[in-house]
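As stored in final22.cif (mmCIF, C-alpha atoms):
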data_my_file
loop_
_atom_site.label_atom_id
_atom_site.label_comp_id
_atom_site.auth_asym_id
_atom_site.auth_seq_id
_atom_site.Cartn_x
_atom_site.Cartn_y
_atom_site.Cartn_z
CA MET Z 15 -88.27 -82.74 -1.26
CA ASN Z 16 -89.51 -79.71 -3.19
CA TYR Z 17 -91.50 -79.32 -6.40
CA TRP Z 18 -90.23 -77.00 -9.14
CA LEU Z 19 -91.78 -75.75 -12.37
CA ASP Z 20 -89.93 -76.75 -15.57
CA LEU Z 21 -91.24 -74.92 -18.65
CA PHE Z 22 -91.11 -76.33 -22.17
CA THR Z 23 -92.52 -75.42 -25.55
CA GLY Z 24 -93.86 -78.18 -27.76
CA THR Z 25 -90.60 -78.01 -29.69
CA THR Z 26 -88.24 -78.20 -26.70
CA TRP Z 27 -90.32 -80.98 -25.08
CA ASN Z 28 -89.99 -83.05 -28.24
CA GLU Z 29 -86.23 -82.39 -28.41
CA PHE Z 30 -85.82 -83.27 -24.72
CA ARG Z 31 -87.55 -86.59 -25.24
CA LYS Z 32 -85.63 -87.43 -28.40
CA ALA Z 33 -82.38 -86.82 -26.49
CA GLY Z 34 -83.29 -89.49 -23.93
CA SER Z 35 -85.29 -87.50 -21.35
CA ASN Z 36 -82.45 -87.59 -18.83
CA ILE Z 37 -81.04 -84.05 -19.08
CA THR Z 38 -83.08 -80.90 -18.52
CA GLY Z 39 -81.67 -77.39 -18.67
CA PHE Z 40 -82.31 -73.74 -17.92
CA ARG Z 41 -81.06 -70.35 -18.99
CA GLN Z 42 -77.97 -68.93 -17.29
CA ARG Z 43 -79.92 -66.00 -15.84
CA ARG Z 44 -81.76 -68.44 -13.52
CA HIS Z 45 -78.52 -69.58 -11.87
CA GLY Z 46 -79.31 -68.06 -8.46
CA VAL Z 47 -82.54 -69.99 -8.12
CA ILE Z 48 -81.05 -73.16 -9.53
CA GLU Z 49 -78.52 -73.40 -6.68
CA LYS Z 50 -81.42 -74.21 -4.32
CA ILE Z 51 -82.38 -77.37 -6.24
CA ILE Z 52 -81.13 -80.60 -4.65
CA PRO Z 53 -81.21 -84.30 -5.55
CA GLY Z 54 -84.63 -85.81 -4.88
CA ASP Z 55 -86.52 -82.65 -5.85
CA ILE Z 56 -89.10 -83.02 -8.62
CA PHE Z 57 -89.53 -80.94 -11.75
CA LEU Z 58 -93.14 -80.73 -12.94
CA CYS Z 59 -93.13 -80.10 -16.69
CA TYR Z 60 -95.52 -77.60 -18.26
CA LEU Z 61 -95.99 -76.88 -21.98
CA THR Z 62 -96.49 -73.18 -22.72
CA GLY Z 63 -98.82 -72.33 -25.59
CA VAL Z 64 -100.96 -75.47 -25.31
CA MET Z 65 -101.08 -75.02 -21.50
CA ARG Z 66 -100.69 -78.68 -20.50
CA TRP Z 67 -98.84 -80.47 -17.68
CA VAL Z 68 -96.97 -83.31 -19.33
CA GLY Z 69 -94.32 -84.77 -17.07
CA ALA Z 70 -92.50 -85.26 -13.78
CA LEU Z 71 -88.71 -85.59 -13.44
CA GLU Z 72 -86.75 -86.55 -10.33
CA VAL Z 73 -83.49 -84.61 -9.88
CA ILE Z 74 -80.42 -86.84 -9.73
CA SER Z 75 -77.69 -84.18 -9.70
CA SER Z 76 -76.43 -81.08 -11.44
CA THR Z 77 -74.27 -81.81 -14.46
CA THR Z 78 -71.73 -80.20 -16.75
CA ASP Z 79 -73.15 -82.12 -19.71
CA SER Z 80 -73.08 -79.85 -22.77
CA SER Z 81 -74.32 -82.20 -25.46
CA PRO Z 82 -76.54 -80.60 -28.13
CA ILE Z 83 -80.15 -81.22 -27.13
CA TRP Z 84 -82.10 -78.11 -28.13
CA LYS Z 85 -81.70 -76.76 -31.64
CA ASN Z 86 -82.83 -73.15 -31.35
CA VAL Z 87 -81.66 -72.17 -27.87
CA ASP Z 88 -79.07 -73.66 -25.54
CA PHE Z 89 -80.02 -74.20 -21.89
CA PRO Z 90 -76.55 -74.38 -20.32
CA VAL Z 91 -77.41 -74.85 -16.62
CA ARG Z 92 -78.37 -78.51 -16.57
CA PHE Z 93 -79.53 -81.34 -14.33
CA GLU Z 94 -79.43 -85.07 -14.74
CA VAL Z 95 -82.95 -86.34 -14.10
CA ARG Z 96 -84.87 -89.58 -13.89
CA PRO Z 97 -88.18 -89.38 -15.77
CA LEU Z 98 -91.09 -90.42 -13.57
CA ILE Z 99 -93.87 -89.55 -16.00
CA LEU Z 100 -93.70 -88.48 -19.65
CA LEU Z 101 -96.91 -87.71 -21.53
CA GLU Z 102 -97.70 -86.75 -25.10
CA PRO Z 103 -99.17 -83.23 -25.30
CA GLU Z 104 -102.53 -84.68 -26.35
CA HIS Z 105 -102.61 -86.70 -23.10
CA GLY Z 106 -101.45 -83.85 -20.84
CA ILE Z 107 -103.38 -82.25 -17.98
CA PRO Z 108 -105.01 -78.98 -19.13
CA MET Z 109 -104.32 -76.02 -16.86
CA ASP Z 110 -108.08 -75.43 -16.69
CA GLU Z 111 -108.44 -78.57 -14.58
CA LEU Z 112 -106.51 -76.85 -11.77
CA GLU Z 113 -108.85 -73.86 -11.44
CA GLY Z 114 -109.80 -73.39 -7.79
CA ARG Z 115 -107.50 -76.22 -6.70
CA VAL Z 116 -104.06 -74.57 -6.62
CA ASP Z 117 -102.56 -71.40 -5.17
CA PHE Z 118 -101.67 -69.83 -8.53
CA PHE Z 119 -105.09 -70.43 -10.16
CA THR Z 120 -107.75 -69.73 -7.56
CA GLY Z 121 -110.44 -68.60 -9.98
CA PRO Z 122 -111.28 -66.92 -13.32
CA GLN Z 123 -109.40 -63.77 -12.29
CA ASP Z 124 -106.12 -65.73 -12.49
CA ARG Z 125 -106.81 -67.20 -15.91
CA GLY Z 126 -104.01 -66.56 -18.40
CA LYS Z 127 -101.60 -64.85 -16.02
CA PHE Z 128 -101.68 -67.46 -13.19
CA LYS Z 129 -100.22 -64.89 -10.77
CA GLY Z 130 -97.05 -64.83 -12.83
CA PHE Z 131 -96.19 -68.39 -11.84
CA VAL Z 132 -95.48 -69.61 -15.40
CA ARG Z 133 -93.32 -66.64 -16.40
CA GLY Z 134 -90.08 -68.57 -16.14
CA SER Z 135 -88.45 -71.68 -14.77
CA PRO Z 136 -87.27 -73.17 -12.56
CA THR Z 137 -89.78 -71.75 -10.09
CA LEU Z 138 -90.41 -73.21 -6.65
CA PHE Z 139 -93.99 -74.23 -5.87
CA LYS Z 140 -94.88 -72.03 -2.88
CA CYS Z 141 -97.53 -74.52 -1.86
CA GLN Z 142 -96.11 -78.03 -1.99
CA ASP Z 143 -99.65 -79.45 -1.91
CA ASP Z 144 -100.06 -77.99 -5.39
CA GLY Z 145 -97.14 -80.08 -6.54
CA HIS Z 146 -98.61 -83.20 -4.92
CA LEU Z 147 -101.92 -82.58 -6.72
CA ILE Z 148 -100.31 -82.15 -10.16
CA LEU Z 149 -98.15 -85.23 -9.67
CA ASP Z 150 -101.25 -87.27 -8.72
CA LEU Z 151 -103.10 -86.00 -11.81
CA LEU Z 152 -100.13 -86.91 -14.01
CA ARG Z 153 -100.03 -90.42 -12.55
CA GLN Z 154 -103.74 -90.80 -13.19
CA ALA Z 155 -103.33 -89.57 -16.78
CA GLN Z 156 -100.52 -92.07 -17.29
CA LYS Z 157 -102.81 -94.93 -16.23
CA GLU Z 158 -106.00 -93.75 -17.93
CA SER Z 159 -105.01 -91.51 -20.83
CA ILE Z 160 -107.59 -89.11 -22.26
CA VAL Z 161 -106.95 -87.66 -25.70
CA ARG Z 162 -107.54 -83.92 -25.90
CA PRO Z 163 -106.52 -82.37 -29.26
CA VAL Z 164 -103.99 -79.52 -29.18
CA ASP Z 165 -103.54 -76.59 -31.52
CA PRO Z 166 -100.62 -77.49 -33.87
CA LYS Z 167 -99.63 -73.83 -34.17
CA LYS Z 168 -99.24 -73.48 -30.42
CA LEU Z 169 -97.52 -76.84 -30.15
CA ALA Z 170 -94.97 -75.77 -32.76
CA ARG Z 171 -93.82 -72.77 -30.74
CA LYS Z 172 -90.07 -72.39 -30.29
CA PRO Z 173 -88.00 -70.39 -27.81
CA TYR Z 174 -87.64 -66.99 -29.40
CA ASN Z 175 -84.32 -65.56 -30.54
CA LEU Z 176 -83.39 -61.95 -31.11
CA PHE Z 177 -80.69 -60.85 -33.53
CA LYS Z 178 -77.77 -59.20 -31.79
CA VAL Z 179 -76.58 -56.08 -33.59
CA GLU Z 180 -72.84 -55.47 -33.63
CA ARG Z 181 -70.66 -52.82 -35.20
CA VAL Z 182 -67.52 -53.84 -37.04
CA LYS Z 183 -65.33 -51.05 -38.43
CA GLY Z 184 -68.22 -48.65 -38.46
CA LYS Z 185 -70.60 -51.06 -40.16
CA THR Z 186 -73.68 -52.59 -38.60
CA THR Z 187 -73.72 -56.37 -38.83
CA ILE Z 188 -75.97 -59.11 -37.52
CA PRO Z 189 -73.62 -62.05 -37.07
CA THR Z 190 -74.99 -63.78 -34.03
CA GLN Z 191 -78.16 -64.49 -32.13
CA VAL Z 192 -78.86 -63.99 -28.46
CA THR Z 193 -81.73 -65.52 -26.56
CA VAL Z 194 -84.57 -63.65 -24.94
CA PRO Z 195 -87.07 -65.06 -22.44
CA GLU Z 196 -89.88 -67.17 -23.79
CA PRO Z 197 -93.21 -65.35 -23.95
CA GLU Z 198 -95.36 -66.05 -20.92
CA GLU Z 199 -98.95 -67.20 -21.11
CA PHE Z 200 -100.08 -63.64 -20.42
CA ASP Z 201 -98.26 -60.40 -19.71
CA GLN Z 202 -99.38 -59.64 -16.19
CA HIS Z 203 -98.36 -55.97 -16.52
CA ALA Z 204 -100.41 -55.35 -19.65
CA VAL Z 205 -103.77 -53.64 -19.41
CA VAL Z 206 -106.04 -55.71 -21.61
CA ARG Z 207 -109.81 -55.94 -21.71
CA PRO Z 208 -110.76 -59.53 -20.92
CA ILE Z 209 -111.86 -61.39 -24.04
CA GLN Z 210 -115.47 -62.45 -23.66
CA PRO Z 211 -116.76 -65.76 -25.10
CA GLU Z 212 -118.81 -63.91 -27.70
CA ASP Z 213 -115.66 -62.02 -28.79
CA GLU Z 214 -113.79 -65.30 -29.29
CA THR Z 215 -116.67 -66.75 -31.32
CA ARG Z 216 -116.90 -63.63 -33.47
CA SER Z 217 -113.14 -63.57 -34.09
CA ALA Z 218 -113.01 -67.28 -34.96
CA THR Z 219 -115.87 -66.78 -37.41
CA GLN Z 220 -114.18 -63.74 -38.93
CA HIS Z 221 -110.90 -65.63 -39.24
CA THR Z 222 -112.63 -68.48 -41.09
CA GLU Z 223 -114.49 -66.06 -43.37
CA ILE Z 224 -111.25 -64.37 -44.45
CA GLN Z 225 -109.59 -67.74 -45.04
CA PHE Z 226 -112.59 -68.84 -47.13
CA ARG Z 227 -112.50 -65.65 -49.23
CA LEU Z 228 -108.76 -65.98 -49.87
CA LEU Z 229 -109.08 -69.65 -50.77
CA CYS Z 230 -111.97 -68.99 -53.17
CA LEU Z 231 -110.10 -66.11 -54.78
CA GLY Z 232 -107.10 -68.34 -55.38
CA ILE Z 233 -109.34 -71.07 -56.82
CA ASP Z 234 -111.03 -68.57 -59.15
CA MET Z 235 -107.58 -67.48 -60.34
CA GLY Z 236 -106.86 -71.07 -61.35
CA LEU Z 237 -104.40 -71.70 -58.52
CA ASP Z 238 -104.11 -74.63 -56.13
CA VAL Z 239 -104.68 -73.75 -52.48
CA TRP Z 240 -103.64 -74.88 -49.00
CA VAL Z 241 -105.26 -74.14 -45.64
CA ALA Z 242 -103.53 -74.62 -42.27
CA LYS Z 243 -103.82 -78.23 -41.10
CA ASN Z 244 -105.65 -77.36 -37.90
CA ASP Z 245 -108.26 -75.29 -39.80
CA ARG Z 246 -109.28 -77.88 -42.39
CA SER Z 247 -112.42 -78.93 -40.53
CA ARG Z 248 -113.70 -75.35 -40.19
CA ALA Z 249 -116.65 -74.30 -42.31
CA TRP Z 250 -117.99 -71.09 -43.85
CA ASN Z 251 -121.29 -70.86 -45.71
CA GLU Z 252 -121.74 -74.58 -44.96
CA GLN Z 253 -118.56 -75.39 -46.91
CA ILE Z 254 -115.71 -77.16 -45.09
CA LEU Z 255 -112.42 -75.44 -45.91
CA GLY Z 256 -110.49 -78.65 -46.34
CA THR Z 257 -112.92 -79.93 -49.00
CA LEU Z 258 -112.84 -76.93 -51.33
CA PRO Z 259 -111.82 -77.65 -54.95
CA ARG Z 260 -108.12 -77.40 -55.82
CA MET Z 261 -107.23 -77.97 -52.15
CA VAL Z 262 -103.90 -79.80 -52.04
CA SER Z 263 -103.35 -82.51 -49.47
CA GLU Z 264 -99.54 -82.48 -49.56
CA LEU Z 265 -97.03 -79.64 -49.64
CA PRO Z 266 -94.45 -79.30 -52.44
CA THR Z 267 -91.73 -81.89 -52.02
CA GLN Z 268 -88.76 -79.63 -52.73
CA PHE Z 269 -88.72 -78.26 -49.19
CA ASN Z 270 -86.99 -79.85 -46.22
CA GLU Z 271 -88.81 -81.11 -43.13
CA ALA Z 272 -88.22 -77.95 -41.07
CA THR Z 273 -89.63 -75.76 -43.86
CA ASN Z 274 -92.67 -77.98 -44.28
CA ARG Z 275 -93.43 -77.82 -40.56
CA THR Z 276 -93.48 -74.03 -40.81
CA ILE Z 277 -95.42 -73.85 -44.06
CA GLU Z 278 -98.18 -76.27 -43.04
CA LEU Z 279 -99.21 -73.92 -40.21
CA ILE Z 280 -99.60 -70.82 -42.40
CA ASP Z 281 -103.28 -69.92 -42.69
CA VAL Z 282 -103.61 -69.80 -46.50
CA LEU Z 283 -101.25 -70.56 -49.38
CA TRP Z 284 -101.69 -70.06 -53.10
CA LEU Z 285 -99.74 -72.52 -55.24
CA LYS Z 286 -98.96 -72.84 -58.93
CA GLY Z 287 -97.70 -76.30 -59.72
CA ASN Z 288 -95.07 -77.10 -57.08
CA SER Z 289 -94.38 -73.44 -56.34
CA ILE Z 290 -95.87 -71.32 -53.56
CA VAL Z 291 -96.78 -67.94 -55.02
CA ALA Z 292 -98.44 -66.25 -52.02
CA ALA Z 293 -98.78 -66.83 -48.28
CA PHE Z 294 -101.34 -65.27 -45.94
CA GLU Z 295 -101.48 -65.11 -42.14
CA VAL Z 296 -104.86 -64.03 -40.76
CA GLU Z 297 -104.75 -62.42 -37.29
CA CYS Z 298 -107.90 -61.46 -35.38
CA THR Z 299 -107.31 -61.59 -31.62
CA THR Z 300 -104.19 -63.75 -31.56
CA SER Z 301 -100.72 -62.24 -31.31
CA VAL Z 302 -99.70 -60.48 -34.52
CA TYR Z 303 -96.14 -61.44 -33.59
CA SER Z 304 -96.81 -65.16 -34.02
CA GLY Z 305 -97.94 -64.77 -37.63
CA LEU Z 306 -94.97 -62.58 -38.50
CA LEU Z 307 -92.65 -65.06 -36.82
CA ARG Z 308 -93.88 -67.84 -39.11
CA MET Z 309 -93.22 -65.61 -42.13
CA SER Z 310 -89.76 -64.79 -40.82
CA ASP Z 311 -89.01 -68.44 -40.11
CA LEU Z 312 -90.03 -69.34 -43.65
CA LEU Z 313 -87.67 -66.76 -45.16
CA SER Z 314 -84.85 -67.84 -42.84
CA LEU Z 315 -85.26 -71.46 -43.88
CA GLN Z 316 -85.60 -70.60 -47.56
CA PRO Z 317 -83.75 -67.27 -48.09
CA ASN Z 318 -84.02 -67.52 -51.88
CA LEU Z 319 -87.77 -68.04 -51.81
CA ASP Z 320 -89.50 -65.31 -53.82
CA ILE Z 321 -93.19 -65.22 -52.87
CA ASN Z 322 -95.75 -62.62 -51.87
CA LEU Z 323 -96.31 -62.48 -48.10
CA TYR Z 324 -99.33 -60.84 -46.48
CA LEU Z 325 -100.58 -60.38 -42.94
CA VAL Z 326 -104.37 -59.90 -42.94
CA ALA Z 327 -105.95 -58.28 -39.90
CA PRO Z 328 -108.88 -56.06 -38.85
CA ASP Z 329 -108.54 -52.40 -39.79
CA GLU Z 330 -108.21 -51.36 -36.13
CA ARG Z 331 -105.11 -53.57 -35.71
CA ARG Z 332 -103.10 -51.67 -38.31
CA ASN Z 333 -100.97 -49.84 -35.73
CA LYS Z 334 -100.31 -53.10 -33.88
CA VAL Z 335 -99.15 -54.74 -37.12
CA GLN Z 336 -96.86 -51.79 -37.86
CA GLN Z 337 -95.41 -51.90 -34.34
CA GLU Z 338 -94.70 -55.63 -34.48
CA ILE Z 339 -93.33 -55.83 -38.02
CA LEU Z 340 -90.79 -53.07 -37.23
CA ARG Z 341 -89.32 -55.02 -34.30
CA PRO Z 342 -85.51 -55.37 -34.59
CA THR Z 343 -85.79 -59.16 -34.93
CA PHE Z 344 -87.70 -58.64 -38.20
CA GLU Z 345 -86.27 -55.31 -39.33
CA LEU Z 346 -82.60 -56.29 -39.04
CA ARG Z 347 -82.89 -59.19 -41.45
CA GLU Z 348 -80.98 -59.01 -44.73
CA LYS Z 349 -84.38 -58.40 -46.28
CA PRO Z 350 -86.45 -56.55 -43.64
CA LEU Z 351 -89.84 -58.18 -43.21
CA SER Z 352 -91.52 -54.78 -43.45
CA LYS Z 353 -90.40 -54.58 -47.10
CA VAL Z 354 -91.57 -58.03 -48.18
CA CYS Z 355 -94.68 -58.66 -46.05
CA GLY Z 356 -97.65 -56.42 -46.75
CA PHE Z 357 -100.57 -55.54 -44.47
CA LEU Z 358 -104.07 -56.18 -45.82
CA ALA Z 359 -106.92 -54.66 -43.83
CA PHE Z 360 -110.07 -56.77 -43.73
CA SER Z 361 -112.21 -54.01 -45.25
CA ASN Z 362 -109.82 -53.43 -48.18
CA LEU Z 363 -109.48 -57.14 -48.88
CA ILE Z 364 -113.24 -57.81 -48.79
CA GLU Z 365 -113.89 -54.79 -51.02
CA LYS Z 366 -111.27 -55.99 -53.50
CA VAL Z 367 -112.56 -59.57 -53.54
CA GLU Z 368 -116.17 -58.47 -54.00
CA GLY Z 369 -115.18 -56.18 -56.87
CA ILE Z 370 -113.26 -58.96 -58.62
CA ARG Z 371 -116.20 -61.34 -58.20
CA LYS Z 372 -118.69 -58.87 -59.69
CA LEU Z 373 -116.43 -58.10 -62.66
CA GLY Z 374 -115.55 -61.76 -63.22
CA ILE Z 375 -111.89 -60.97 -63.86
CA ALA Z 376 -110.20 -63.40 -61.46
CA LYS Z 377 -108.74 -65.63 -64.17
CA SER Z 378 -106.94 -62.69 -65.74
CA LEU Z 379 -105.17 -61.69 -62.52
CA LYS Z 380 -101.64 -62.57 -61.49
CA PRO Z 381 -100.90 -63.57 -57.86
CA ASP Z 382 -98.95 -60.37 -57.21
CA PHE Z 383 -101.93 -58.08 -57.92
CA LEU Z 384 -102.56 -57.65 -54.17
CA GLU Z 385 -99.28 -55.76 -53.80
CA LYS Z 386 -101.09 -52.62 -54.95
CA THR Z 387 -103.75 -53.10 -52.27
CA ALA Z 388 -101.40 -54.05 -49.43
CA GLU Z 389 -99.59 -51.53 -47.25
CA PHE Z 390 -95.85 -51.99 -46.71
CA PHE Z 391 -94.44 -50.27 -43.63
CA GLY Z 392 -90.86 -50.42 -44.85
CA GLU Z 393 -89.58 -48.42 -47.79
CA ARG Z 394 -89.57 -50.74 -50.77
CA GLU Z 395 -86.76 -50.54 -53.28
CA ASN Z 396 -87.74 -49.14 -56.66
CA GLU Z 397 -88.24 -51.85 -59.22
CA LEU Z 398 -86.69 -51.38 -62.67
#

Here is the file; what I need is its structure written in the form of structure tokens.
Amino acid sequence: MNYWLDLFTGTTWNEFRKAGSNITGFRQRRHGVIEKIIPGDIFLCYLTGVMRWVGALEVISSTTDSSPIWKNVDFPVRFEVRPLILLEPEHGIPMDELEGRVDFFTGPQDRGKFKGFVRGSPTLFKCQDDGHLILDLLRQAQKESIVRPVDPKKLARKPYNLFKVERVKGKTTIPTQVTVPEPEEFDQHAVVRPIQPEDETRSATQHTEIQFRLLCLGIDMGLDVWVAKNDRSRAWNEQILGTLPRMVSELPTQFNEATNRTIELIDVLWLKGNSIVAAFEVECTTSVYSGLLRMSDLLSLQPNLDINLYLVAPDERRNKVQQEILRPTFELREKPLSKVCGFLAFSNLIEKVEGIRKLGIAKSLKPDFLEKTAEFFGERENEL
């Protein structure tokens, strides 16, 4: 009996469980590895993003089952499984608990990349004792559950899709989607300066400050405001974000459930009545791509939505924002994201907010005034 890694996102784990927890699947490109899996082997389930071990599945047999289980991406190479342990993400085993106890996480130097072990699945555990340990920890968690909160944004991650560009009679079209590998916990080939604890604290503080300034500006303009659900308990200048005046507790009801799940994770929203008039994603050290993906998801779910979108980031991340927003997956939309989502540098935003506060002119401003301050990396069509 062998242990194998089975990767999930929070979204695909939820879909797997809703479908009965008896069929797991993998991408076609993993077919060569999959042929080595036999009945009696055990899949150990790991949630990317939140970095938790959440389940164990015993392999019954391979299957030709093609029933729709996963909404965003199909995993066509499938196995019938018997669930041994299924945990909620909040009850899962954090990867940090394995430091120094398993072959792929021997110490701090392996943090994040884990020797490439969580880059894809299925992956055979080289050291079967590691599999025994994780299974024992899962059994213990099942008996004595400990609640450890998870980041809703990371839990809401989906397998990424990339638009496939085709040419039909000389014209470029984007009719279909093809899948690309899920992002790993850390790109082991990237050269990145390790983030120190003080850097994380500084970035978290900066992120909260920018959210606070945007919320207060919206309030001063007479708008209702929304802050991401997982940030409501954060405080700036001894004021808790979720308790600021004009903070709405529920999103507009005209959107469907999928749209609401996307919207509620956006860092800051300005609202007028039941309409969203501006959305802001604040990126400090986190992936710029994730913020842009939420914006893109929102526009895909509500293509007729006409709101101002902004990605707010430190001045030194301008080039990174430009690089990410011009990716084909965003640029080949009917409305390229680079034309509708503007970049606001921290320094420009703070200068603008301070100037408005000193002049006392917030109430006379319209929500689209920031368009003149923001930088758009795509050529915007001339307005009549």

Draw an axis-aligned box over all listed atoms of region 245-258 of chain Z, pad each side with 5 Å, and write its centre and edge lengths in Å, one decimal, as lines of an AutoDock Vina configuration file.
center_x = -115.0
center_y = -75.4
center_z = -45.6
size_x = 23.5
size_y = 19.1
size_z = 21.5

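Residues with any atom within 12 Å of Phe269 (chain Z), counting all atoms listed in the file and excluding same-chain neighbours fewer than 2 positions away, are Z:Glu264, Z:Leu265, Z:Pro266, Z:Thr267, Z:Glu271, Z:Ala272, Z:Thr273, Z:Asn274, Z:Arg275, Z:Thr276, Z:Ile277, Z:Glu278, Z:Asn288, Z:Ser289, Z:Ile290, Z:Leu312, Z:Leu315, Z:Gln316, Z:Leu319.
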
Applying 8 Å and only C-alpha atoms, which residues near region 345-360 of chain Z remain after dropping the ones on its own chain fewer than 4 positions away? List them as a short mmCIF file (atom, residue, chain, number, x, y, z; two decimals) with C-alpha atoms, keeping the file's coordinate frame.
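Done, and the output landed in around_33.cif:
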data_model
loop_
_atom_site.label_atom_id
_atom_site.label_comp_id
_atom_site.auth_asym_id
_atom_site.auth_seq_id
_atom_site.Cartn_x
_atom_site.Cartn_y
_atom_site.Cartn_z
CA PHE Z 177 -80.69 -60.85 -33.53
CA ILE Z 188 -75.97 -59.11 -37.52
CA ILE Z 224 -111.25 -64.37 -44.45
CA SER Z 310 -89.76 -64.79 -40.82
CA ASN Z 322 -95.75 -62.62 -51.87
CA LEU Z 323 -96.31 -62.48 -48.10
CA TYR Z 324 -99.33 -60.84 -46.48
CA LEU Z 325 -100.58 -60.38 -42.94
CA VAL Z 326 -104.37 -59.90 -42.94
CA ALA Z 327 -105.95 -58.28 -39.90
CA PRO Z 328 -108.88 -56.06 -38.85
CA ASP Z 329 -108.54 -52.40 -39.79
CA ARG Z 332 -103.10 -51.67 -38.31
CA VAL Z 335 -99.15 -54.74 -37.12
CA ILE Z 339 -93.33 -55.83 -38.02
CA LEU Z 340 -90.79 -53.07 -37.23
CA ARG Z 341 -89.32 -55.02 -34.30
CA ILE Z 364 -113.24 -57.81 -48.79
CA GLU Z 385 -99.28 -55.76 -53.80
CA THR Z 387 -103.75 -53.10 -52.27
CA ALA Z 388 -101.40 -54.05 -49.43
CA GLU Z 389 -99.59 -51.53 -47.25
CA PHE Z 390 -95.85 -51.99 -46.71
CA PHE Z 391 -94.44 -50.27 -43.63
CA GLY Z 392 -90.86 -50.42 -44.85
CA GLU Z 393 -89.58 -48.42 -47.79
CA ARG Z 394 -89.57 -50.74 -50.77
#

Review point. Pro259 (chain Z): which residues within 9 Å, counting all atoms listed in the file, same-chain residues fewer than 5 positions away excluded, as a ChimeraX atom specification?
Key: /Z:230,233,238-239

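Between Ile83 (chain Z) and the residues Z:Leu255, Z:Val241, Z:Ala33, Z:Leu379, the shortest atom-to-atom distance, using only C-alpha atoms, involves Z:Ala33.
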
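For the atom pair formed by CA of Gly63 (chain Z) and CA of Leu169 (chain Z), the distance is 6.5 Å, given to one decimal.
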
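CA of Glu295 (chain Z) to CA of Ile280 (chain Z) spans 6.0 Å [interatomic distance, one decimal].
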
Point to revise | Residue list as a PyMOL selection string for point (-104.8, -81.5, -29.2), cut-off 9 Å, all atoms listed in the file | key: chain Z and resi 64+103-105+161-166+169
